[in-house]
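Here is the file upload13.txt (compact mmCIF, C-alpha atoms).
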# COMPACT_ATOMS: atom_id res chain seq x y z
CA MET A 8 137.52 -66.73 -10.01
CA SER A 9 138.37 -69.60 -12.32
CA ARG A 10 135.59 -72.04 -13.09
CA GLN A 11 136.15 -75.70 -12.25
CA THR A 12 135.02 -78.21 -14.80
CA VAL A 13 132.69 -80.89 -13.50
CA PRO A 14 133.20 -84.16 -15.40
CA ALA A 15 130.08 -86.06 -16.37
CA ASP A 16 129.38 -89.28 -14.54
CA PHE A 17 130.73 -91.87 -16.93
CA SER A 18 131.72 -95.21 -15.37
CA GLY A 19 132.45 -98.79 -16.32
CA HIS A 20 136.18 -98.59 -16.94
CA MET A 21 138.02 -101.91 -16.60
CA LEU A 22 141.36 -102.17 -14.84
CA ASP A 23 144.38 -103.04 -16.95
CA LEU A 24 146.36 -105.28 -14.64
CA ASP A 25 149.09 -105.69 -17.25
CA GLU A 26 149.97 -102.02 -17.14
CA ASP A 27 153.44 -101.55 -15.64
CA ASP A 28 153.32 -98.02 -14.28
CA ASP A 29 156.12 -96.47 -12.28
CA LEU A 30 155.36 -96.96 -8.62
CA GLU A 31 156.25 -94.76 -5.71
CA VAL A 32 158.45 -96.62 -3.26
CA PHE A 33 157.89 -96.03 0.42
CA SER A 34 160.49 -96.73 3.09
CA LYS A 35 159.98 -97.23 6.80
CA ASN A 36 162.39 -96.57 9.60
CA PRO A 37 162.83 -99.96 11.29
CA SER A 38 163.74 -98.42 14.61
CA LEU A 39 161.04 -98.34 17.26
CA ALA A 40 159.64 -94.90 18.03
CA ASP A 41 159.74 -95.33 21.79
CA GLY A 42 163.30 -96.61 21.84
CA GLY A 43 162.25 -99.88 23.42
CA PRO A 44 163.86 -103.23 22.72
CA MET A 45 163.30 -104.88 19.36
CA PRO A 46 160.77 -107.77 19.50
CA THR A 47 162.44 -111.15 19.65
CA SER A 48 160.29 -112.75 16.91
CA PRO A 49 158.48 -111.69 13.72
CA SER A 50 155.17 -112.70 15.25
CA SER A 51 155.61 -110.33 18.19
CA LEU A 52 156.49 -107.54 15.75
CA VAL A 53 153.23 -108.08 13.87
CA ASN A 54 151.27 -108.09 17.13
CA GLN A 55 152.71 -104.66 18.00
CA TYR A 56 150.72 -103.20 15.12
CA ARG A 57 147.42 -104.86 16.03
CA PRO A 58 145.17 -102.01 17.18
CA GLU A 59 143.52 -102.42 20.56
CA GLU A 60 140.51 -100.44 19.38
CA GLU A 61 139.88 -102.79 16.45
CA GLU A 62 137.04 -104.56 18.21
CA GLU A 63 135.45 -101.24 19.10
CA GLU A 64 135.24 -100.28 15.42
CA GLN A 65 133.06 -103.26 14.64
CA PRO A 66 129.30 -102.83 15.17
CA GLU A 67 127.89 -104.65 18.14
CA ALA A 68 126.33 -107.92 17.02
CA ASP A 69 123.47 -107.46 19.47
CA ALA A 70 122.59 -104.09 17.89
CA ARG A 71 122.07 -105.55 14.42
CA ASP A 72 118.53 -106.27 13.35
CA LEU A 73 119.06 -107.23 9.70
CA PHE A 74 121.10 -110.26 8.63
CA ILE A 75 121.56 -111.17 4.97
CA THR A 76 123.28 -114.17 3.42
CA VAL A 77 124.08 -114.79 -0.25
CA ASP A 78 124.76 -118.45 -1.02
CA ASN A 79 123.85 -121.50 -3.08
CA PRO A 80 124.78 -120.27 -6.59
CA GLU A 81 123.08 -122.24 -9.37
CA SER A 82 123.71 -122.06 -13.11
CA HIS A 83 120.69 -121.50 -15.37
CA VAL A 84 120.80 -122.07 -19.11
CA THR A 85 118.18 -120.70 -21.50
CA ALA A 86 117.95 -120.50 -25.26
CA VAL A 87 119.56 -117.06 -25.27
CA GLU A 88 121.80 -116.86 -22.19
CA THR A 89 123.52 -118.56 -19.30
CA PHE A 90 123.42 -116.94 -15.86
CA ILE A 91 123.88 -117.68 -12.17
CA MET A 92 121.09 -117.42 -9.60
CA TYR A 93 121.95 -116.85 -5.94
CA ARG A 94 119.85 -117.50 -2.88
CA VAL A 95 119.42 -114.38 -0.75
CA ALA A 96 118.29 -115.31 2.78
CA THR A 97 117.21 -112.60 5.22
CA LYS A 98 116.52 -112.64 8.94
CA THR A 99 115.25 -109.50 10.64
CA THR A 100 113.41 -108.15 13.66
CA ARG A 101 112.42 -104.87 11.98
CA SER A 102 108.76 -103.97 12.20
CA GLU A 103 108.52 -102.75 8.60
CA PHE A 104 109.01 -106.32 7.40
CA ASP A 105 105.91 -108.53 7.39
CA SER A 106 107.91 -111.61 8.33
CA SER A 107 111.10 -112.32 10.22
CA GLU A 108 112.62 -114.55 7.52
CA TYR A 109 112.73 -114.37 3.72
CA GLU A 110 114.38 -116.36 0.97
CA VAL A 111 114.48 -115.21 -2.65
CA GLN A 112 116.45 -115.99 -5.81
CA ARG A 113 118.45 -113.21 -7.42
CA ARG A 114 120.83 -112.90 -10.35
CA TYR A 115 123.61 -110.38 -10.89
CA GLN A 116 121.36 -108.01 -12.87
CA ASP A 117 119.04 -107.77 -9.86
CA PHE A 118 121.94 -106.57 -7.71
CA LEU A 119 122.72 -103.96 -10.37
CA TRP A 120 119.09 -102.78 -10.23
CA LEU A 121 119.24 -102.43 -6.44
CA ARG A 122 122.48 -100.47 -6.48
CA SER A 123 121.27 -98.12 -9.23
CA LYS A 124 118.09 -97.43 -7.23
CA LEU A 125 120.07 -96.70 -4.09
CA GLU A 126 122.29 -94.25 -5.98
CA GLU A 127 119.29 -92.68 -7.69
CA THR A 128 117.52 -92.12 -4.36
CA HIS A 129 120.65 -91.09 -2.42
CA PRO A 130 123.06 -89.54 -4.98
CA THR A 131 125.64 -88.35 -2.46
CA LEU A 132 125.69 -91.37 -0.18
CA ILE A 133 128.54 -93.83 -0.74
CA VAL A 134 126.97 -97.07 -1.97
CA HIS A 135 129.38 -99.98 -1.74
CA PRO A 136 130.50 -101.25 -5.18
CA LEU A 137 129.50 -104.48 -6.85
CA PRO A 138 132.03 -106.75 -8.55
CA GLU A 139 132.58 -105.99 -12.22
CA LYS A 140 130.03 -107.29 -14.67
CA PHE A 141 132.62 -108.60 -17.08
CA VAL A 142 135.39 -111.10 -16.53
CA MET A 143 138.75 -109.58 -15.75
CA LYS A 144 141.90 -110.41 -17.65
CA GLY A 145 143.40 -113.76 -16.82
CA MET A 146 140.10 -115.55 -16.24
CA VAL A 147 139.54 -117.96 -19.07
CA GLU A 148 136.19 -119.41 -18.05
CA ARG A 149 133.47 -116.99 -17.02
CA PHE A 150 131.44 -119.44 -14.98
CA ASN A 151 134.10 -121.64 -13.44
CA ASP A 152 133.82 -122.48 -9.75
CA ASP A 153 136.45 -119.98 -8.60
CA PHE A 154 134.81 -117.10 -10.47
CA ILE A 155 131.35 -117.95 -9.15
CA GLU A 156 132.58 -118.21 -5.57
CA THR A 157 134.53 -114.94 -5.82
CA ARG A 158 131.45 -113.16 -7.15
CA ARG A 159 129.20 -114.74 -4.51
CA ARG A 160 131.44 -113.44 -1.72
CA ALA A 161 131.48 -109.97 -3.28
CA LEU A 162 127.68 -109.90 -3.61
CA HIS A 163 127.33 -111.10 -0.02
CA ARG A 164 129.67 -108.36 1.15
CA PHE A 165 127.77 -105.72 -0.84
CA LEU A 166 124.44 -106.59 0.79
CA ASN A 167 125.97 -106.71 4.25
CA LYS A 168 127.60 -103.30 3.75
CA VAL A 169 124.20 -101.93 2.73
CA SER A 170 122.47 -103.64 5.65
CA LEU A 171 124.86 -101.92 8.09
CA HIS A 172 124.36 -98.46 6.58
CA PRO A 173 122.26 -96.18 8.81
CA VAL A 174 120.28 -94.79 5.84
CA LEU A 175 120.51 -97.26 2.97
CA SER A 176 119.47 -100.20 5.14
CA TYR A 177 116.02 -98.61 5.51
CA SER A 178 115.55 -98.10 1.76
CA HIS A 179 112.26 -99.31 0.29
CA HIS A 180 114.18 -100.70 -2.68
CA LEU A 181 116.32 -102.87 -0.38
CA GLU A 182 113.17 -104.21 1.28
CA VAL A 183 111.72 -105.06 -2.13
CA PHE A 184 114.95 -106.73 -3.20
CA LEU A 185 115.02 -108.90 -0.08
CA THR A 186 111.34 -109.87 -0.01
CA ALA A 187 109.68 -109.73 -3.45
CA PRO A 188 109.39 -113.14 -5.18
CA ASP A 189 109.67 -111.41 -8.56
CA LEU A 190 111.43 -108.09 -9.20
CA LEU A 191 110.16 -107.61 -12.76
CA PRO A 192 107.10 -105.51 -11.83
CA TYR A 193 109.29 -103.19 -9.76
CA LYS A 194 111.88 -102.86 -12.49
CA LYS A 195 109.19 -101.59 -14.85
CA GLN A 196 108.37 -98.77 -12.45
CA GLY A 197 110.26 -95.48 -12.27
CA PRO A 198 111.21 -92.82 -14.80
CA GLY A 199 110.93 -93.66 -18.48
CA PHE A 200 113.57 -93.44 -21.15
CA LEU A 201 112.92 -89.78 -22.02
CA SER A 202 113.11 -88.76 -18.38
CA ARG A 203 116.42 -90.59 -17.91
CA LEU A 204 117.71 -89.02 -21.12
CA GLY A 205 116.80 -85.58 -19.80
CA ASP A 206 118.70 -86.24 -16.58
CA THR A 207 121.75 -87.28 -18.60
CA VAL A 208 121.57 -84.16 -20.77
CA ARG A 209 121.35 -81.93 -17.69
CA ALA A 210 124.34 -83.72 -16.11
CA VAL A 211 126.41 -83.20 -19.27
CA ALA A 212 125.34 -79.54 -19.46
CA ASN A 213 126.34 -79.00 -15.84
CA SER A 214 129.69 -80.65 -16.47
CA VAL A 215 130.38 -78.34 -19.41
CA ARG A 216 129.21 -75.26 -17.49
CA GLY A 217 131.36 -76.12 -14.49
CA LEU A 218 131.40 -74.80 -10.93
CA LYS A 219 132.11 -71.24 -9.87
CA SER A 220 133.61 -72.47 -6.64
CA ARG A 221 133.58 -75.72 -4.69
CA PRO A 222 133.58 -75.52 -0.88
CA GLU A 223 137.08 -76.09 0.49
CA GLU A 224 136.11 -79.20 2.45
CA PHE A 225 134.99 -80.88 -0.77
CA ASN A 226 138.19 -79.79 -2.51
CA LEU A 227 140.07 -81.65 0.22
CA MET A 228 137.83 -84.68 -0.27
CA GLN A 229 138.49 -84.59 -4.01
CA GLU A 230 142.25 -84.47 -3.47
CA TYR A 231 142.05 -87.35 -1.00
CA VAL A 232 140.01 -89.47 -3.42
CA GLU A 233 142.44 -88.88 -6.28
CA ASP A 234 145.44 -89.74 -4.11
CA PHE A 235 143.74 -92.78 -2.60
CA SER A 236 142.77 -94.06 -6.06
CA ILE A 237 146.35 -93.87 -7.32
CA ARG A 238 147.81 -95.60 -4.29
CA ILE A 239 145.27 -98.40 -3.93
CA SER A 240 145.40 -99.13 -7.67
CA SER A 241 149.21 -99.33 -7.54
CA VAL A 242 149.17 -101.71 -4.56
CA ASP A 243 146.50 -103.83 -6.25
CA LYS A 244 148.53 -104.14 -9.46
CA VAL A 245 151.76 -104.96 -7.63
CA THR A 246 150.00 -107.59 -5.54
CA GLN A 247 148.60 -109.18 -8.69
CA ARG A 248 152.09 -109.35 -10.17
CA ILE A 249 153.55 -110.80 -6.97
CA ILE A 250 150.94 -113.56 -7.00
CA LYS A 251 151.70 -114.29 -10.65
CA GLU A 252 155.43 -114.56 -9.88
CA GLN A 253 154.76 -116.70 -6.80
CA ARG A 254 152.67 -119.10 -8.86
CA GLU A 255 155.45 -119.38 -11.42
CA TYR A 256 157.90 -120.02 -8.56
CA LEU A 257 155.54 -122.67 -7.18
CA ASP A 258 155.42 -124.41 -10.56
CA GLU A 259 159.23 -124.47 -10.60
CA LEU A 260 159.32 -125.96 -7.10
CA LYS A 261 156.90 -128.70 -8.12
CA GLN A 262 159.23 -129.61 -10.98
CA TYR A 263 162.29 -129.34 -8.75
CA ASN A 264 161.21 -132.04 -6.30
CA PRO A 265 161.07 -134.95 -8.82
CA THR A 266 164.48 -133.93 -10.16
CA TYR A 267 166.16 -134.54 -6.80
CA ALA A 268 164.11 -137.67 -6.17
CA GLN A 269 165.10 -139.18 -9.54
CA TRP A 270 168.73 -138.16 -9.02
CA ALA A 271 168.75 -139.97 -5.66
CA GLU A 272 167.71 -143.18 -7.39
CA SER A 273 170.80 -143.12 -9.62
CA GLU A 274 173.39 -141.97 -7.05
CA GLU A 275 173.70 -144.50 -4.26
CA GLU A 276 176.24 -142.51 -2.25
CA LEU A 277 174.13 -139.34 -2.50
CA ALA A 278 170.77 -141.05 -2.14
CA GLU A 279 170.16 -140.01 1.45
CA PRO A 280 170.94 -136.26 1.17
CA LEU A 281 169.24 -135.95 -2.23
CA SER A 282 166.10 -137.66 -0.95
CA ALA A 283 166.14 -135.37 2.07
CA VAL A 284 166.42 -132.29 -0.17
CA ALA A 285 163.53 -133.59 -2.29
CA SER A 286 161.41 -133.92 0.85
CA CYS A 287 162.39 -130.41 1.92
CA VAL A 288 161.39 -128.98 -1.46
CA GLU A 289 158.06 -130.77 -1.28
CA ARG A 290 157.25 -129.27 2.12
CA CYS A 291 158.33 -125.80 1.02
CA SER A 292 156.14 -126.19 -2.04
CA LYS A 293 153.15 -126.91 0.18
CA GLU A 294 153.83 -123.83 2.32
CA THR A 295 154.20 -121.65 -0.79
CA ASP A 296 150.92 -122.96 -2.17
CA GLU A 297 149.12 -122.00 1.04
CA GLN A 298 150.68 -118.54 1.03
CA VAL A 299 149.62 -117.86 -2.57
CA HIS A 300 146.12 -119.09 -1.78
CA HIS A 301 145.91 -116.73 1.20
CA LEU A 302 147.02 -113.74 -0.87
CA SER A 303 144.45 -114.57 -3.54
CA GLU A 304 141.59 -115.13 -1.10
CA VAL A 305 142.24 -112.38 1.48
CA LEU A 306 144.45 -109.54 0.28
CA VAL A 307 143.52 -109.29 -3.41
CA PRO A 308 139.73 -109.12 -2.85
CA ALA A 309 140.15 -106.41 -0.21
CA LEU A 310 142.45 -104.32 -2.40
CA HIS A 311 140.35 -104.66 -5.53
CA GLU A 312 137.17 -103.90 -3.61
CA TYR A 313 138.62 -100.53 -2.65
CA VAL A 314 139.89 -99.88 -6.17
CA LEU A 315 136.21 -100.06 -7.12
CA CYS A 316 135.33 -97.94 -4.07
CA SER A 317 137.64 -95.20 -5.33
CA GLU A 318 135.65 -95.08 -8.58
CA THR A 319 132.43 -94.93 -6.54
CA LEU A 320 133.80 -91.98 -4.57
CA LYS A 321 134.68 -90.13 -7.77
CA ALA A 322 131.14 -90.68 -9.06
CA VAL A 323 129.64 -89.38 -5.78
CA MET A 324 131.81 -86.26 -5.98
CA ARG A 325 130.70 -85.68 -9.58
CA ARG A 326 127.04 -85.98 -8.62
CA ARG A 327 127.51 -83.51 -5.76
CA ASP A 328 129.22 -81.06 -8.10
CA ASN A 329 126.46 -81.45 -10.69
CA ILE A 330 123.82 -80.57 -8.10
CA GLN A 331 125.74 -77.45 -7.11
CA ALA A 332 126.35 -76.50 -10.76
CA GLU A 333 122.63 -76.74 -11.51
CA TYR A 334 121.86 -74.51 -8.53
CA GLU A 335 124.44 -71.93 -9.66
CA ALA A 336 123.01 -71.89 -13.19
CA LYS A 337 119.45 -71.31 -11.94
CA ASN A 338 120.63 -68.63 -9.53
CA GLU A 339 122.50 -66.89 -12.33
CA ALA A 340 119.39 -67.02 -14.55
CA LEU A 341 117.35 -65.50 -11.72
CA GLY A 342 119.81 -62.63 -11.43
CA SER A 343 119.64 -61.90 -15.15
CA ARG A 344 115.81 -62.15 -15.15
CA ARG A 345 115.81 -64.32 -18.28
CA ALA A 346 112.62 -66.09 -17.19
CA ASP A 347 109.64 -65.71 -14.87
CA PRO A 348 111.20 -64.52 -11.56
CA GLN A 349 108.75 -66.29 -9.27
CA THR A 350 109.10 -69.63 -11.05
CA LEU A 351 112.88 -69.33 -11.04
CA GLN A 352 112.91 -68.31 -7.38
CA ASP A 353 110.97 -71.45 -6.45
CA GLU A 354 113.43 -73.57 -8.44
CA VAL A 355 116.42 -71.82 -6.88
CA ASP A 356 115.05 -72.34 -3.37
CA SER A 357 114.39 -75.99 -4.11
CA LEU A 358 117.89 -76.47 -5.53
CA ALA A 359 119.44 -74.66 -2.56
CA ASP A 360 117.76 -77.15 -0.25
CA ARG A 361 118.94 -79.99 -2.46
CA VAL A 362 122.54 -78.73 -2.37
CA GLU A 363 122.42 -78.52 1.42
CA LEU A 364 120.99 -82.02 1.74
CA ALA A 365 123.58 -83.41 -0.71
CA ASN A 366 126.45 -81.76 1.15
CA ASN A 367 125.25 -82.92 4.56
CA ALA A 368 124.70 -86.49 3.30
CA LEU A 369 128.21 -86.70 1.84
CA LYS A 370 129.88 -85.16 4.90
CA GLY A 371 128.06 -87.57 7.18
CA ASP A 372 128.88 -90.59 5.04
CA TRP A 373 132.51 -89.64 4.49
CA SER A 374 133.80 -90.39 7.98
CA ARG A 375 131.72 -93.58 8.13
CA TRP A 376 133.28 -94.77 4.85
CA GLN A 377 136.80 -93.88 5.98
CA ASN A 378 136.42 -95.80 9.23
CA GLY A 379 135.12 -98.86 7.38
CA MET A 380 137.88 -98.67 4.77
CA ARG A 381 140.63 -98.39 7.37
CA SER A 382 139.22 -101.28 9.37
CA ASP A 383 138.88 -103.52 6.28
CA LEU A 384 142.35 -102.80 4.89
CA LYS A 385 143.97 -102.99 8.33
CA SER A 386 142.46 -106.44 8.82
CA ALA A 387 143.63 -107.61 5.38
CA PHE A 388 147.16 -106.26 5.86
CA LEU A 389 147.57 -107.75 9.33
CA SER A 390 146.23 -111.11 8.19
CA THR A 391 148.67 -111.09 5.27
CA ALA A 392 151.58 -110.11 7.52
CA GLU A 393 150.76 -112.93 9.93
CA LYS A 394 150.54 -115.42 7.07
CA ASN A 395 153.88 -114.25 5.68
CA VAL A 396 155.50 -114.63 9.10
CA GLU A 397 154.02 -118.11 9.42
CA TYR A 398 155.22 -118.98 5.90
CA TYR A 399 158.84 -117.97 6.50
CA GLU A 400 158.90 -119.56 9.95
CA GLN A 401 157.64 -122.85 8.51
CA VAL A 402 160.13 -122.74 5.63
CA SER A 403 162.95 -121.91 8.03
CA LEU A 404 161.87 -124.70 10.36
CA THR A 405 161.79 -127.15 7.47
CA MET A 406 165.34 -126.28 6.50
CA THR A 407 166.92 -126.14 9.95
CA SER A 408 165.30 -128.75 12.17
CA SER A 409 165.83 -131.99 10.28
CA GLU A 410 168.48 -134.15 8.71
CA PRO A 411 168.52 -132.43 5.27
CA PHE A 412 170.83 -129.86 6.84
CA LYS A 413 173.54 -132.21 8.03
CA HIS A 414 174.89 -135.01 5.93
CA PHE A 415 178.06 -136.87 5.18
CA VAL A 416 179.19 -136.71 1.58
CA HIS A 417 182.28 -138.72 0.63
CA GLY A 418 183.12 -139.01 4.31
CA LYS A 419 182.97 -135.26 4.94
CA LYS A 420 180.36 -133.48 7.00
CA VAL A 421 178.24 -131.15 4.84
CA TRP A 422 176.09 -128.32 6.20
CA MET A 423 173.42 -126.32 4.44
CA ARG A 424 173.59 -122.57 4.95
CA ASN A 425 171.56 -119.58 3.78
CA ASP A 426 173.50 -117.18 1.56
CA GLY A 427 171.68 -114.24 -0.03
CA GLY A 428 168.35 -116.00 -0.11
CA ARG A 429 169.69 -119.28 -1.52
CA ILE A 430 170.50 -122.49 0.31
CA HIS A 431 173.93 -123.95 -0.46
CA LEU A 432 175.50 -127.30 0.34
CA VAL A 433 178.98 -126.58 1.67
CA PRO A 434 181.75 -127.58 1.38
CA GLY A 435 181.80 -129.46 -1.90
CA CYS A 436 179.22 -127.39 -3.85
CA VAL A 437 176.87 -130.33 -4.24
CA GLY A 438 173.99 -128.08 -5.32
CA VAL A 439 172.10 -124.83 -5.06
CA LEU A 440 168.51 -124.82 -3.80
CA PRO A 441 166.44 -121.59 -4.24
CA LEU A 442 163.93 -122.38 -1.50
CA VAL A 443 163.62 -118.88 -0.07
CA SER A 444 162.87 -115.78 -2.14
CA GLU A 445 165.47 -113.04 -2.26
CA SER A 446 163.17 -110.62 -0.47
CA GLY A 447 162.38 -113.10 2.27
CA SER A 448 165.85 -114.44 3.11
CA GLN A 449 166.22 -115.49 6.72

Render the structure in this file as structure tokens.
Amino acid sequence: MSRQTVPADFSGHMLDLDEDDDLEVFSKNPSLADGGPMPTSPSSLVNQYRPEEEEEEQPEADARDLFITVDNPESHVTAVETFIMYRVATKTTRSEFDSSEYEVQRRYQDFLWLRSKLEETHPTLIVHPLPEKFVMKGMVERFNDDFIETRRRALHRFLNKVSLHPVLSYSHHLEVFLTAPDLLPYKKQGPGFLSRLGDTVRAVANSVRGLKSRPEEFNLMQEYVEDFSIRISSVDKVTQRIIKEQREYLDELKQYNPTYAQWAESEEELAEPLSAVASCVERCSKETDEQVHHLSEVLVPALHEYVLCSETLKAVMRRRDNIQAEYEAKNEALGSRRADPQTLQDEVDSLADRVELANNALKGDWSRWQNGMRSDLKSAFLSTAEKNVEYYEQVSLTMTSSEPFKHFVHGKKVWMRNDGGRIHLVPGCVGVLPLVSESGSQ
């Protein structure tokens, strides 16, 4: 049987959002599966896809006994560095905590310490990702308000994901993170440099040695992770490009409005329709601004969070494979009697138990992660769809319910009509107004 290579656990790759890969295009049959009548409005169409069981997927608020909030970011400047401290407030009814409320100050490196400890203690559980350490492309200022707020929300979400986990939420390291006034003494504990180096060497050796055979269920998981990573990364990149184009379009709209307003001042006979068009552009600009803001604040964070999750899943699969590869190597050594049989037998038995625990932990966490992922992305997609429907309805209402769409020019009645995504003044060809995108023409 062919041996499967187990890649070592190397992480930290940054996304290149400028990369313009070929994307798979998916189509959807617009006809309704049950043959029923088509909904009469876009809003009702969106509501058809709102799952009734959505509320059931969310944990009962009354069942929660650990509530964590990350807020109040403050900048700290020292002689050697500048960093942000966040307040982490905890409320709990758990008996293992000495108090019901805690409040500590933590910086980003402290969150990294917590996550590394959780992965070290539970190598095949899926620990929710943290936001990247470094600034992504397009962000000029590392500590501007938008960046700090985006990171704060991501850190808050990380701790709440951990607090809802049936195993990780009871970790001693989480309790220390939430309650200890100073984490430095705890950071000094644990394996030393040589021990960590030995673990790395063993992981690399296992990756080179490879697996004899991976259980079929984990092969299916691996295929799913690879496919999910490709698709979520593609959607994330396309969404980033759409937002960039929408912002450029918004800038053009903001320049377009004064042009019509100034033109109206110099054309007395056209003053009324030109002023009306300027007003229409201004209102459409406002709606576009709100739509771009919603995409940036709701859809992009959800997509990018699961781009990072896909990398976490790959790392978990590698760690599982490394544990199995180490067991296979010891078992092979036992069969060849290259060392003391009793010592090797004890190690093989211990590793067999470790493989079983690792497999059971991953299988149990897999369905939990999938349910959470589907709920999160479903919520983000539905929210975006509703906002898009609202955006186009508001733009359409702006262009059809007021005087800008009916004027008299040189004694002739002029109507505005939509043609291929552009609004024309007809007859007379007074102007062309690109208020609605080609893909969103009404």

If we count all atoms listed in the file, what is near region 350-356 of chain A at a cut-off of 6 Å, once residues fewer than 5 positions away on the same chain are taken out, given as a short mmCIF file (atom, residue, chain, number, x, y, z; two decimals) with C-alpha atoms, in the frame of the given file?
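Contents of around11.cif, freshly written:
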data_model
loop_
_atom_site.label_atom_id
_atom_site.label_comp_id
_atom_site.auth_asym_id
_atom_site.auth_seq_id
_atom_site.Cartn_x
_atom_site.Cartn_y
_atom_site.Cartn_z
CA LYS A 337 119.45 -71.31 -11.94
CA ASN A 338 120.63 -68.63 -9.53
CA LEU A 341 117.35 -65.50 -11.72
#

Would you kindly identify which residues have an atom no farther than 12 Å from (141.5, -90.2, -2.3), using all atoms listed in the file and the file's own coordinates, and write them out as an MDAnalysis selection string? chainID A and resid 225:240 313:314 316:321 324 373 376:377 380

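One distance worth recording is that between CA of Leu125 (chain A) and CA of Pro80 (chain A), which is 24.2 Å.
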
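Restricting the calculation to only C-alpha atoms, the smallest distance between Ile330 (chain A) and any of A:Ser282, A:Leu302, A:Asp152, A:Arg221 is found for A:Arg221.
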
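Straight-line separation from CA of Glu276 (chain A) to CA of Ser292 (chain A): 25.9 Å.
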
Skip Leu121 (chain A) itself and residues of its chain fewer than 3 positions away, then list as a list in words all residues within 7 Å of it, counting all atoms listed in the file. Asp117, Phe118, Lys124, Leu125, His180, Leu181 and Phe184 of chain A

Please fill the gaps in region 264-276 of chain A so it has N, CA, C and O atoms, and write that as a tab-separated table (two decimals), in the frame of the given file.
chain	number	residue	atom	x	y	z
A	264	ASN	N	161.26	-130.89	-7.20
A	264	ASN	CA	161.21	-132.04	-6.30
A	264	ASN	C	161.48	-133.37	-7.02
A	264	ASN	O	162.35	-134.14	-6.59
A	265	PRO	N	160.78	-133.69	-8.12
A	265	PRO	CA	161.07	-134.95	-8.82
A	265	PRO	C	162.50	-135.05	-9.32
A	265	PRO	O	163.06	-136.16	-9.39
A	266	THR	N	163.10	-133.91	-9.66
A	266	THR	CA	164.48	-133.93	-10.16
A	266	THR	C	165.44	-134.51	-9.10
A	266	THR	O	166.27	-135.38	-9.40
A	267	TYR	N	165.31	-134.03	-7.88
A	267	TYR	CA	166.16	-134.54	-6.80
A	267	TYR	C	165.80	-135.98	-6.46
A	267	TYR	O	166.68	-136.80	-6.16
A	268	ALA	N	164.52	-136.30	-6.49
A	268	ALA	CA	164.11	-137.67	-6.17
A	268	ALA	C	164.66	-138.66	-7.20
A	268	ALA	O	165.14	-139.75	-6.85
A	269	GLN	N	164.59	-138.30	-8.49
A	269	GLN	CA	165.10	-139.18	-9.54
A	269	GLN	C	166.63	-139.27	-9.48
A	269	GLN	O	167.21	-140.32	-9.75
A	270	TRP	N	167.27	-138.16	-9.14
A	270	TRP	CA	168.73	-138.16	-9.02
A	270	TRP	C	169.15	-139.11	-7.89
A	270	TRP	O	170.13	-139.84	-8.01
A	271	ALA	N	168.40	-139.11	-6.80
A	271	ALA	CA	168.75	-139.97	-5.66
A	271	ALA	C	168.70	-141.45	-6.04
A	271	ALA	O	169.47	-142.26	-5.51
A	272	GLU	N	167.83	-141.78	-6.97
A	272	GLU	CA	167.71	-143.18	-7.39
A	272	GLU	C	168.93	-143.66	-8.15
A	272	GLU	O	169.23	-144.87	-8.16
A	273	SER	N	169.65	-142.73	-8.80
A	273	SER	CA	170.80	-143.12	-9.62
A	273	SER	C	172.14	-142.89	-8.94
A	273	SER	O	173.18	-143.24	-9.48
A	274	GLU	N	172.15	-142.25	-7.78
A	274	GLU	CA	173.39	-141.97	-7.05
A	274	GLU	C	173.30	-142.59	-5.65
A	274	GLU	O	172.74	-142.01	-4.73
A	275	GLU	N	173.86	-143.78	-5.52
A	275	GLU	CA	173.70	-144.50	-4.26
A	275	GLU	C	174.35	-143.76	-3.10
A	275	GLU	O	173.78	-143.67	-2.01
A	276	GLU	N	175.55	-143.19	-3.33
A	276	GLU	CA	176.24	-142.51	-2.25
A	276	GLU	C	175.57	-141.20	-1.85
A	276	GLU	O	175.75	-140.72	-0.73
